[in-house]
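Raw protein_24.cif, mmCIF, C-alpha atoms:
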data_structure
#
loop_
_atom_site.label_atom_id
_atom_site.label_comp_id
_atom_site.auth_asym_id
_atom_site.auth_seq_id
_atom_site.Cartn_x
_atom_site.Cartn_y
_atom_site.Cartn_z
CA MET A 455 6.60 -23.13 13.09
CA ILE A 456 3.19 -24.45 14.07
CA SER A 457 2.13 -27.61 12.28
CA GLY A 458 -0.07 -26.76 9.34
CA GLU A 459 1.51 -23.37 8.69
CA ARG A 460 3.83 -24.75 6.03
CA ILE A 461 2.95 -24.11 2.39
CA ASP A 462 4.51 -26.43 -0.14
CA ALA A 463 2.90 -25.28 -3.36
CA SER A 464 4.13 -23.74 -6.57
CA VAL A 465 3.03 -20.11 -6.75
CA ALA A 466 3.10 -18.03 -9.93
CA VAL A 467 3.35 -14.28 -9.46
CA THR A 468 2.87 -11.75 -12.24
CA GLY A 469 4.46 -8.29 -12.51
CA MET A 470 8.23 -8.88 -12.56
CA ASN A 471 8.79 -5.40 -13.90
CA ALA A 472 10.65 -3.76 -11.00
CA THR A 473 11.70 -0.41 -12.45
CA ASP A 474 11.37 3.07 -10.91
CA ASN A 475 7.62 2.56 -11.30
CA PRO A 476 7.68 -0.98 -10.02
CA ALA A 477 5.05 -3.63 -10.46
CA PRO A 478 4.29 -5.45 -7.19
CA GLY A 479 5.36 -8.92 -8.38
CA VAL A 480 8.92 -8.86 -7.05
CA ALA A 481 7.69 -7.67 -3.65
CA VAL A 482 5.07 -10.44 -3.49
CA ALA A 483 7.66 -13.04 -4.51
CA ARG A 484 10.13 -11.77 -1.89
CA ALA A 485 7.45 -11.84 0.80
CA LEU A 486 6.89 -15.52 0.05
CA ARG A 487 10.53 -16.44 -0.46
CA HIS A 488 11.65 -14.95 2.86
CA ASP A 489 8.87 -16.51 4.91
CA PRO A 490 10.13 -19.63 6.73
CA ARG A 491 6.63 -21.11 6.46
CA PHE A 492 6.84 -21.07 2.66
CA ALA A 493 8.56 -24.16 1.29
CA GLY A 494 7.14 -24.06 -2.21
CA LYS A 495 8.35 -22.80 -5.56
CA ILE A 496 7.90 -19.36 -7.06
CA ILE A 497 7.37 -18.86 -10.78
CA GLY A 498 7.72 -15.30 -12.06
CA LEU A 499 5.44 -14.21 -14.89
CA GLY A 500 6.25 -11.11 -16.92
CA TYR A 501 5.77 -9.35 -20.22
CA ASP A 502 9.36 -8.52 -21.16
CA ALA A 503 12.46 -10.68 -21.25
CA LEU A 504 14.27 -7.90 -19.41
CA ASP A 505 11.81 -7.59 -16.53
CA PRO A 506 14.26 -7.18 -13.63
CA GLY A 507 12.55 -9.71 -11.37
CA PHE A 508 13.61 -12.53 -13.68
CA TYR A 509 17.22 -11.72 -12.85
CA SER A 510 16.91 -11.44 -9.08
CA ASP A 511 19.29 -13.95 -7.59
CA GLY A 512 17.55 -16.63 -5.54
CA LEU A 513 14.08 -15.17 -5.97
CA LEU A 514 12.50 -17.42 -8.56
CA ASP A 515 12.43 -21.12 -9.35
CA GLY A 516 11.30 -20.46 -12.87
CA GLY A 517 9.67 -17.91 -15.08
CA ALA A 518 7.55 -17.41 -18.14
CA MET A 519 6.52 -14.65 -20.47
CA LEU A 520 2.85 -13.84 -20.76
CA PRO A 521 1.09 -12.43 -23.84
CA TYR A 522 0.17 -8.77 -23.52
CA PRO A 523 -3.45 -8.21 -22.44
CA SER A 524 -4.21 -6.91 -25.94
CA ALA A 525 -3.63 -10.46 -27.27
CA GLY A 526 -6.89 -11.47 -25.62
CA ARG A 527 -8.17 -13.82 -23.00
CA GLU A 528 -7.75 -17.00 -25.02
CA ALA A 529 -4.03 -16.36 -25.54
CA LEU A 530 -3.66 -15.83 -21.80
CA ARG A 531 -5.60 -19.01 -21.00
CA GLU A 532 -3.43 -21.05 -23.37
CA ARG A 533 -0.23 -19.62 -21.96
CA LEU A 534 -1.25 -20.32 -18.37
CA HIS A 535 -2.24 -23.83 -19.36
CA TRP A 536 1.22 -24.26 -20.87
CA ALA A 537 2.88 -22.84 -17.76
CA ARG A 538 0.89 -25.21 -15.56
CA GLU A 539 2.05 -28.18 -17.62
CA ALA A 540 5.65 -27.07 -18.13
CA LEU A 541 6.52 -25.34 -14.87
CA GLY A 542 3.88 -26.58 -12.46
CA ILE A 543 1.63 -23.89 -11.03
CA ASP A 544 -0.73 -24.48 -8.14
CA VAL A 545 -1.55 -20.86 -7.30
CA LEU A 546 -1.61 -17.70 -9.37
CA VAL A 547 -1.22 -14.28 -7.73
CA PRO A 548 -1.78 -11.51 -10.30
CA THR A 549 -0.38 -8.11 -9.35
CA LEU A 550 -1.31 -5.88 -12.30
CA ASP A 551 -4.60 -4.02 -12.77
CA SER A 552 -4.48 -4.64 -16.53
CA GLU A 553 -4.63 -8.43 -16.24
CA LEU A 554 -7.12 -8.73 -13.42
CA ARG A 555 -10.44 -8.71 -15.28
CA ALA A 556 -9.34 -11.41 -17.71
CA LEU A 557 -8.07 -13.58 -14.87
CA VAL A 558 -11.27 -13.15 -12.87
CA ALA A 559 -13.19 -14.36 -15.92
CA LEU A 560 -10.79 -17.28 -16.39
CA ALA A 561 -10.68 -18.22 -12.70
CA PRO A 562 -13.19 -21.13 -12.90
CA GLU A 563 -11.32 -22.67 -15.85
CA LEU A 564 -8.00 -22.19 -14.11
CA GLN A 565 -9.39 -23.76 -10.95
CA ALA A 566 -10.54 -26.78 -12.99
CA GLU A 567 -6.97 -27.14 -14.26
CA GLY A 568 -5.59 -26.96 -10.74
CA ILE A 569 -4.50 -23.29 -10.73
CA HIS A 570 -5.97 -21.70 -7.61
CA THR A 571 -6.64 -17.99 -7.34
CA PHE A 572 -8.22 -15.73 -4.73
CA LEU A 573 -9.66 -12.81 -6.64
CA PRO A 574 -12.41 -10.22 -6.25
CA THR A 575 -15.59 -10.41 -8.28
CA LEU A 576 -15.94 -8.31 -11.43
CA GLU A 577 -18.73 -6.40 -9.71
CA SER A 578 -16.57 -5.40 -6.75
CA ILE A 579 -13.70 -4.44 -9.09
CA GLU A 580 -16.10 -2.15 -10.96
CA ARG A 581 -17.46 -0.63 -7.75
CA ALA A 582 -13.90 0.09 -6.58
CA SER A 583 -12.86 1.68 -9.89
CA LYS A 584 -12.03 5.37 -10.09
CA VAL A 585 -15.21 6.06 -12.01
CA GLN A 586 -17.59 4.23 -9.68
CA LEU A 587 -15.81 4.89 -6.38
CA PRO A 588 -17.64 8.15 -5.50
CA ARG A 589 -20.92 6.19 -5.38
CA LEU A 590 -19.62 4.25 -2.39
CA ALA A 591 -19.79 7.48 -0.41
CA ASP A 592 -23.56 7.57 -0.85
CA GLY A 593 -24.15 4.96 1.83
CA GLY A 594 -22.17 7.05 4.29
CA ALA A 595 -19.89 4.22 5.43
CA VAL A 596 -16.91 5.38 3.39
CA PRO A 597 -16.05 9.08 3.09
CA ILE A 598 -14.78 9.99 -0.38
CA PRO A 599 -14.08 13.53 -1.61
CA PRO A 600 -16.83 14.70 -4.01
CA SER A 601 -15.91 13.60 -7.54
CA GLU A 602 -17.39 13.45 -10.98
CA ALA A 603 -16.38 11.48 -14.04
CA ILE A 604 -16.63 13.77 -17.08
CA MET A 605 -16.64 13.10 -20.81
CA SER A 606 -16.18 16.69 -21.94
CA VAL A 607 -13.89 19.54 -20.99
CA GLU A 608 -16.92 21.81 -20.84
CA ALA A 609 -17.81 20.39 -17.43
CA ILE A 610 -14.68 21.82 -15.82
CA PRO A 611 -15.87 25.40 -15.10
CA ARG A 612 -19.01 24.03 -13.43
CA LEU A 613 -16.99 21.63 -11.27
CA ALA A 614 -14.38 24.28 -10.45
CA ALA A 615 -17.22 26.46 -9.18
CA ARG A 616 -18.79 23.60 -7.24
CA PHE A 617 -15.62 22.17 -5.67
CA GLY A 618 -13.53 25.35 -5.54
CA LEU A 619 -9.95 25.68 -6.74
CA PRO A 620 -7.59 23.95 -6.79
CA ILE A 621 -9.20 20.76 -8.10
CA VAL A 622 -7.79 17.32 -8.71
CA VAL A 623 -7.89 15.87 -12.24
CA LYS A 624 -7.34 12.12 -12.66
CA GLY A 625 -6.84 9.78 -15.59
CA VAL A 626 -9.30 6.91 -15.77
CA TYR A 627 -6.54 4.33 -15.20
CA TYR A 628 -3.52 6.21 -13.98
CA GLY A 629 -2.20 9.58 -12.89
CA ALA A 630 -3.55 12.56 -11.00
CA THR A 631 -2.67 16.21 -10.89
CA VAL A 632 -3.69 19.13 -8.70
CA ALA A 633 -4.85 21.96 -10.96
CA PRO A 634 -4.59 25.41 -9.37
CA THR A 635 -6.60 27.09 -12.14
CA GLU A 636 -9.33 26.16 -14.61
CA ALA A 637 -6.80 26.45 -17.44
CA ASP A 638 -4.54 23.93 -15.70
CA ALA A 639 -7.53 21.63 -15.23
CA VAL A 640 -8.39 21.88 -18.94
CA ALA A 641 -4.80 21.08 -19.91
CA ALA A 642 -4.79 18.10 -17.52
CA PHE A 643 -8.11 16.89 -18.96
CA HIS A 644 -6.67 16.82 -22.48
CA ARG A 645 -3.47 15.16 -21.31
CA PHE A 646 -5.25 12.35 -19.45
CA ALA A 647 -7.90 11.92 -22.15
CA ALA A 648 -5.18 11.52 -24.79
CA GLN A 649 -3.18 9.13 -22.65
CA TRP A 650 -5.85 6.96 -21.03
CA GLY A 651 -9.11 7.82 -22.75
CA LEU A 652 -12.38 8.99 -21.28
CA PRO A 653 -13.82 9.63 -18.80
CA VAL A 654 -11.55 11.89 -16.83
CA ILE A 655 -12.28 12.21 -13.12
CA VAL A 656 -12.49 15.59 -11.42
CA GLN A 657 -12.32 15.60 -7.64
CA LYS A 658 -12.54 18.17 -4.88
CA PHE A 659 -9.08 18.93 -3.53
CA VAL A 660 -8.58 18.00 0.10
CA ARG A 661 -5.46 19.37 1.76
CA GLY A 662 -3.92 16.75 3.96
CA GLU A 663 -1.56 13.86 4.29
CA GLU A 664 -1.66 10.71 2.23
CA TYR A 665 -1.59 7.24 3.69
CA ASN A 666 -1.78 3.76 2.20
CA VAL A 667 -3.25 0.57 3.55
CA SER A 668 -2.78 -2.84 2.01
CA ALA A 669 -5.29 -5.45 3.08
CA LEU A 670 -6.74 -8.84 2.33
CA GLY A 671 -10.48 -9.51 2.24
CA ASP A 672 -12.05 -12.93 2.61
CA GLY A 673 -14.90 -12.27 0.15
CA ARG A 674 -17.53 -12.45 2.88
CA GLY A 675 -17.00 -8.93 4.12
CA ASN A 676 -14.25 -9.66 6.63
CA THR A 677 -10.74 -8.24 6.65
CA VAL A 678 -8.16 -10.98 7.06
CA GLY A 679 -5.35 -8.53 7.72
CA ALA A 680 -4.30 -4.97 6.95
CA VAL A 681 -1.08 -2.96 7.16
CA ALA A 682 -1.03 0.85 7.11
CA MET A 683 1.92 2.86 5.84
CA ARG A 684 3.01 6.46 5.34
CA LYS A 685 5.37 7.24 2.49
CA MET A 686 8.45 9.04 3.79
CA MET A 687 9.98 9.76 0.43
CA ILE A 688 8.46 9.71 -3.04
CA THR A 689 9.99 9.70 -6.49
CA ASP A 690 9.24 12.20 -9.23
CA LYS A 691 6.63 9.69 -10.42
CA GLY A 692 4.94 9.86 -7.03
CA LYS A 693 6.00 6.35 -6.07
CA GLY A 694 6.97 5.62 -2.49
CA TRP A 695 10.71 5.10 -2.21
CA CYS A 696 10.63 4.58 1.51
CA GLY A 697 7.86 4.39 4.04
CA VAL A 698 7.01 3.40 7.57
CA ALA A 699 4.37 1.07 8.95
CA ILE A 700 1.96 2.95 11.18
CA GLU A 701 -0.85 1.97 13.47
CA ASN A 702 -3.75 4.28 12.81
CA PRO A 703 -7.09 2.85 13.95
CA GLU A 704 -9.13 5.24 11.80
CA LEU A 705 -7.37 4.22 8.57
CA LEU A 706 -7.74 0.55 9.41
CA ARG A 707 -11.41 1.05 10.34
CA LEU A 708 -12.11 2.72 6.98
CA THR A 709 -10.35 -0.07 5.12
CA GLU A 710 -12.41 -2.66 6.98
CA ALA A 711 -15.59 -0.72 6.18
CA LEU A 712 -14.62 -0.68 2.52
CA ILE A 713 -13.88 -4.40 2.43
CA GLY A 714 -17.18 -5.03 4.20
CA GLU A 715 -19.13 -2.87 1.76
CA LEU A 716 -17.51 -4.43 -1.32
CA ARG A 717 -17.26 -7.92 0.15
CA TRP A 718 -13.77 -7.77 -1.26
CA ARG A 719 -12.05 -11.05 -1.98
CA GLY A 720 -8.28 -11.02 -2.19
CA PRO A 721 -5.66 -8.30 -1.92
CA LEU A 722 -6.16 -4.57 -2.36
CA GLU A 723 -4.51 -1.26 -1.59
CA VAL A 724 -6.48 1.69 -0.29
CA GLU A 725 -5.10 5.20 -0.73
CA LEU A 726 -6.37 7.56 1.93
CA LEU A 727 -6.02 11.20 2.76
CA SER A 728 -6.28 12.68 6.23
CA GLU A 729 -7.53 16.26 5.99
CA SER A 730 -5.21 18.64 7.86
CA ARG A 731 -7.97 21.01 8.98
CA THR A 732 -10.45 18.48 10.35
CA GLY A 733 -8.53 15.24 10.74
CA THR A 734 -11.22 13.50 8.64
CA ALA A 735 -9.87 10.59 6.64
CA TYR A 736 -11.06 10.12 3.04
CA VAL A 737 -10.63 7.22 0.65
CA ILE A 738 -9.20 8.59 -2.57
CA GLU A 739 -8.42 5.45 -4.54
CA ILE A 740 -8.57 1.66 -4.42
CA ASN A 741 -6.10 -0.55 -6.25
CA PRO A 742 -7.40 -4.10 -6.73
CA ARG A 743 -4.12 -5.84 -5.97
CA PHE A 744 -1.12 -5.80 -3.65
CA PRO A 745 0.98 -2.63 -3.84
CA ALA A 746 4.68 -2.56 -4.77
CA TRP A 747 5.53 -1.89 -1.10
CA ILE A 748 3.86 -5.10 0.12
CA TYR A 749 7.18 -6.60 1.25
CA LEU A 750 6.83 -4.22 4.20
CA SER A 751 3.92 -6.34 5.43
CA ALA A 752 6.24 -9.34 5.66
CA GLY A 753 8.99 -7.26 7.24
CA ALA A 754 6.58 -5.89 9.83
CA GLY A 755 5.29 -9.31 10.84
CA LEU A 756 2.00 -9.69 8.97
CA ASN A 757 2.89 -11.33 5.68
CA LEU A 758 -0.21 -10.65 3.59
CA PRO A 759 1.01 -12.47 0.42
CA TYR A 760 1.57 -15.61 2.52
CA TYR A 761 -2.03 -15.43 3.80
CA ALA A 762 -3.32 -14.71 0.28
CA VAL A 763 -1.72 -17.96 -0.91
CA ARG A 764 -3.27 -19.83 2.03
CA LEU A 765 -6.68 -18.47 1.08
CA ALA A 766 -6.19 -19.43 -2.57
CA LEU A 767 -5.36 -22.97 -1.52
CA GLY A 768 -8.33 -23.11 0.82
CA LEU A 769 -6.06 -23.57 3.84
CA PRO A 770 -7.27 -22.36 7.25
CA LEU A 771 -6.06 -19.10 8.75
CA PRO A 772 -4.90 -18.74 12.32
CA SER A 773 -7.67 -17.96 14.79
CA ALA A 774 -5.80 -14.79 15.76
CA MET A 775 -3.79 -13.02 13.09
CA PRO A 776 -0.41 -11.61 14.17
CA ARG A 777 -0.08 -7.90 14.83
CA TYR A 778 2.37 -6.01 12.69
CA ARG A 779 5.09 -3.78 14.10
CA ALA A 780 4.43 -0.08 13.57
CA GLY A 781 7.71 1.73 13.03
CA THR A 782 9.08 -0.85 10.59
CA LEU A 783 10.57 0.95 7.59
CA PHE A 784 11.12 0.00 4.00
CA VAL A 785 13.82 1.74 2.03
CA ARG A 786 13.96 0.88 -1.64
CA ILE A 787 17.27 0.56 -3.47
CA SER A 788 18.40 0.48 -7.07
CA VAL A 789 21.06 -2.13 -7.70
CA ASP A 790 22.65 -3.46 -10.84
CA GLN A 791 22.06 -7.20 -11.07
CA ILE A 792 24.64 -9.27 -12.86
CA ALA A 793 23.18 -11.98 -15.02
CA ASP A 794 24.34 -14.55 -17.49
CA LEU A 795 23.35 -14.01 -21.09
CA SER A 796 21.78 -17.47 -21.06
CA THR A 797 19.02 -16.25 -18.74
CA TYR A 798 18.08 -13.53 -21.20
CA ALA A 799 18.45 -15.99 -24.08
CA GLN A 800 16.02 -18.45 -22.48
CA LEU A 801 13.42 -15.76 -21.92
CA ALA A 802 13.86 -14.06 -25.26
CA ALA A 803 14.04 -17.21 -27.38
CA MET A 804 11.96 -19.72 -25.43
CA GLY A 805 9.72 -17.40 -23.43
CA SER A 806 10.44 -19.24 -20.22
CA LEU A 807 13.05 -19.71 -17.60
CA ARG A 808 13.90 -23.05 -16.08
CA PRO A 809 16.93 -22.84 -13.81
CA ALA A 810 18.90 -26.04 -14.18
CA ALA A 811 20.45 -27.64 -11.13
CA SER A 812 20.30 -25.01 -8.43
CA PRO A 813 16.81 -24.04 -7.40
CA ALA A 814 16.48 -21.00 -5.17
CA SER A 815 17.16 -21.79 -1.57
CA MET B 1333 -4.26 23.71 33.06
CA ASP B 1334 -5.73 20.31 32.04
CA ILE B 1335 -4.38 18.61 28.98
CA GLU B 1336 -5.30 15.43 27.18
CA ILE B 1337 -2.43 13.28 26.04
CA PRO B 1338 -3.78 10.15 24.32
CA ARG B 1339 -1.57 10.65 21.25
CA LEU B 1340 1.44 11.50 23.37
CA ARG B 1341 1.06 8.26 25.26
CA GLU B 1342 1.54 6.32 22.02
CA LEU B 1343 4.82 8.02 21.08
CA ALA B 1344 7.91 5.84 20.87
CA MET B 1345 10.97 7.67 22.21
CA SER B 1346 14.61 6.67 22.20
CA ASP B 1347 17.20 7.86 24.71
CA SER B 1348 18.80 9.87 21.91
CA GLY B 1349 15.68 12.03 21.60
CA PHE B 1350 14.33 10.43 18.43
CA VAL B 1351 10.54 10.31 18.58
CA PHE B 1352 8.14 8.28 16.39
CA ASP B 1353 4.40 8.87 16.23
CA PRO B 1354 2.93 5.48 15.23
CA MET B 1355 -0.42 7.04 14.35
CA THR B 1356 0.87 9.38 11.64
CA GLY B 1357 4.31 7.98 10.88
CA HIS B 1358 5.91 11.32 11.67
CA THR B 1359 9.30 11.40 13.29
CA PHE B 1360 11.05 14.21 15.06
CA THR B 1361 13.93 14.83 17.39
CA VAL B 1362 13.97 16.65 20.70
CA ASN B 1363 16.85 17.88 22.82
CA PRO B 1364 17.52 16.42 26.28
CA SER B 1365 15.19 18.84 28.07
CA GLY B 1366 12.45 18.16 25.49
CA LEU B 1367 12.87 14.45 26.05
CA VAL B 1368 12.51 14.89 29.80
CA LEU B 1369 9.37 16.97 29.25
CA LEU B 1370 7.84 14.40 26.91
CA ARG B 1371 8.53 11.62 29.39
CA LEU B 1372 7.07 13.63 32.26
CA LEU B 1373 3.94 14.43 30.26
CA LYS B 1374 3.63 10.80 29.21
CA GLN B 1375 3.74 9.80 32.88
CA GLY B 1376 0.89 12.20 33.53
CA THR B 1377 2.88 14.92 35.28
CA GLU B 1378 0.84 18.11 35.50
CA ILE B 1379 2.06 21.14 33.61
CA GLY B 1380 2.47 23.10 36.84
CA GLN B 1381 5.06 20.62 38.07
CA LEU B 1382 7.06 20.40 34.87
CA CYS B 1383 9.22 23.42 35.65
CA GLU B 1384 10.17 22.04 39.06
CA HIS B 1385 11.18 18.72 37.57
CA LEU B 1386 13.23 20.40 34.87
CA ALA B 1387 14.93 22.76 37.29
CA ARG B 1388 15.96 19.81 39.44
CA GLU B 1389 17.07 17.65 36.50
CA PHE B 1390 19.16 20.33 34.78
CA GLU B 1391 20.14 22.34 37.88
CA VAL B 1392 18.72 25.63 36.67
CA GLY B 1393 16.73 28.30 38.44
CA LEU B 1394 12.94 28.36 38.55
CA GLY B 1395 12.70 31.60 36.63
CA GLU B 1396 10.54 33.15 33.94
CA ASP B 1397 12.81 31.84 31.18
CA LEU B 1398 12.19 28.25 32.19
CA ALA B 1399 8.42 28.77 32.45
CA ARG B 1400 8.37 30.39 29.00
CA ASP B 1401 10.41 27.61 27.43
CA VAL B 1402 8.09 24.99 28.87
CA GLN B 1403 5.04 26.89 27.59
CA ASP B 1404 6.63 27.15 24.12
CA PHE B 1405 7.24 23.43 24.09
CA ILE B 1406 3.67 22.68 25.17
CA MET B 1407 2.43 24.95 22.38
CA GLN B 1408 4.52 23.06 19.82
CA LEU B 1409 3.05 19.79 21.03
CA ARG B 1410 -0.44 21.25 20.60
CA GLU B 1411 0.42 22.39 17.07
CA CYS B 1412 1.53 18.85 16.29
CA GLU B 1413 -1.79 17.67 17.80
CA LEU B 1414 0.06 15.45 20.22
CA ILE B 1415 -1.77 17.00 23.15
CA LYS B 1416 -5.08 18.80 23.41
#

Full structure transcribed into structure tokens:
Amino acid sequence: MISGERIDASVAVTGMNATDNPAPGVAVARALRHDPRFAGKIIGLGYDALDPGFYSDGLLDGGAMLPYPSAGREALRERLHWAREALGIDVLVPTLDSELRALVALAPELQAEGIHTFLPTLESIERASKVQLPRLADGGAVPIPPSEAIMSVEAIPRLAARFGLPIVVKGVYYGATVAPTEADAVAAFHRFAAQWGLPVIVQKFVRGEEYNVSALGDGRGNTVGAVAMRKMMITDKGKGWCGVAIENPELLRLTEALIGELRWRGPLEVELLSESRTGTAYVIEINPRFPAWIYLSAGAGLNLPYYAVRLALGLPLPSAMPRYRAGTLFVRISVDQIADLSTYAQLAAMGSLRPAASPAS
Amino acid sequence: MDIEIPRLRELAMSDSGFVFDPMTGHTFTVNPSGLVLLRLLKQGTEIGQLCEHLAREFEVGLGEDLARDVQDFIMQLRECELIK
């Protein structure tokens, strides 16, 4: 280890909910825990006493429950203040879309209390949102399939005629479906509107292969690091169950262009689609956080969560970032963790977890 | 016949015939003669000489069957966009 690479800080990570639709928190925590340069503590933050990450042997040095986002920003601020006092938190790495806006707004207060973050601006989060994303294509730097956010189902026939069938219908926060007919598109509109509210996004269907890139922006338009991946197996919820790191210059170039355009600060995931017919790559979605597969970045040699923590602490980055190894796989697994009832009792009754004598090694 | 092989040059191949395309993440397997062909193409061997190499390597005759098999293989590589 080169002198100065060591991090000895206490890092809180949200999103301990590692189910079949996993939050990224456990992956971020593992990336830190398994990095020999990380000598600090990891505090897991979650919303349910049964979030599986709390029970992962050797992963966490402590944990705490957070109030649901619906409880409001003040409740979150108070809880984080408590966690800072009780558990010691130097850095906070949020991993859920739903908590990001509140934490961006709270970031100056948190910083004043000694909780460092490295987050995008509210403006860049908005510009990267599903609704605003198509506007990024206007400048020409980032190709995005033609899309429109609609408030009424009456727009569907017009868009079906304009884009051709099939068309893609997306919920404003989550979910997407390929509708082969107008009737399917109408049904999908109602489903997403009921589930996530309006608008619903309608997008031209591009036949091709999907890829994902996770990256870290420095907030000045530069990409600190990026890892590209192709899912090799997906679940019935469309989540990657295994994948392989790839080295595709075009995908990385597009990600860098996006980070440059948005002056993105912090982690993000870019979902891309390479059109079969033309080979053109399109950006189809941006997630303003690390993805659940981010442990692959550590496994492949470019540990993005480690560098995110360095940035949050204001520590320098290496002059040349390491290259990651294309061909590195991740294969997810479901295992039953055995836990003592006292762990659940602490979380359920006290809302926090403070392992007694044996901190994680 | 001229071919361009930039993608082919990037392929990672194991002795067992397992091939990984780092650009797309696709994997596939080839039989021993396919592996020899891929390695020859990667080295820049011209298509016209492939049959001779194969005939020597596998001790088979330089007949129409061999030429057709090589052409079929080249076509599959084109379909996979590994060569142009």

Exercise for the section: Have a look at B:Cys1412, B:Val1368, B:Thr1361, B:His1385 and name the one nearest to chain A; count all atoms listed in the file. Expected result: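 Going through B:Cys1412, B:Val1368, B:Thr1361, B:His1385 one by one, the smallest distance to chain A is for B:Cys1412.
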
Problem - Residues matched by the PyMOL selection byres ((chain B) within 12 of (chain A)), written as a list in words - result: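 Selected by the PyMOL selection byres ((chain B) within 12 of (chain A)) in this file: Arg1339, Glu1342, Leu1343, Ala1344, Met1345, Val1351, Phe1352, Asp1353, Pro1354, Met1355, Thr1356, Gly1357, His1358, Thr1359, Glu1411, Cys1412 and Glu1413 of chain B.
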
Exercise for the section: Would you work out the distance separating atom CA of B:Lys1374 from atom CA of B:Leu1340, expressed in Å to one decimal? Expected result: 6.3 Å

Exercise for the section: Convert the output of the PyMOL selection byres ((chain A and resi 789) around 12) on the shown file into explicit residues, formatted as number ranges by chain. Expected result: A: 472-474, 506-507, 509-511, 786-788, 790-792

Those residues you just picked out, can you put them in a file as a compact mmCIF listing (two decimals), in the frame of the given file with C-alpha atoms?
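File produced: part39.txt:
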# COMPACT_ATOMS: atom_id res chain seq x y z
CA ALA A 472 10.65 -3.76 -11.00
CA THR A 473 11.70 -0.41 -12.45
CA ASP A 474 11.37 3.07 -10.91
CA PRO A 506 14.26 -7.18 -13.63
CA GLY A 507 12.55 -9.71 -11.37
CA TYR A 509 17.22 -11.72 -12.85
CA SER A 510 16.91 -11.44 -9.08
CA ASP A 511 19.29 -13.95 -7.59
CA ARG A 786 13.96 0.88 -1.64
CA ILE A 787 17.27 0.56 -3.47
CA SER A 788 18.40 0.48 -7.07
CA ASP A 790 22.65 -3.46 -10.84
CA GLN A 791 22.06 -7.20 -11.07
CA ILE A 792 24.64 -9.27 -12.86

Practice task
Carefully work through the PyMOL selection byres ((chain A and resi 718) around 9) for this structure and note down the residues it includes, as a PyMOL selection string.
Solution key: chain A and resi 573-575+578-579+670-677+712-717+719-722

Practice task
Tell me, in Å to one decimal, how far atom CA of A:Ala647 is from atom CA of A:Val626.
Solution key: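 Distance reported for this atom pair: 8.2 Å.
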
Problem - Selected residue of minimal separation from A:Ala637 among A:Val622, A:Ile688, A:Ile610, A:Leu499, counting all atoms listed in the file - result: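 Among the listed residues, the smallest separation from A:Ala637 belongs to A:Ile610.
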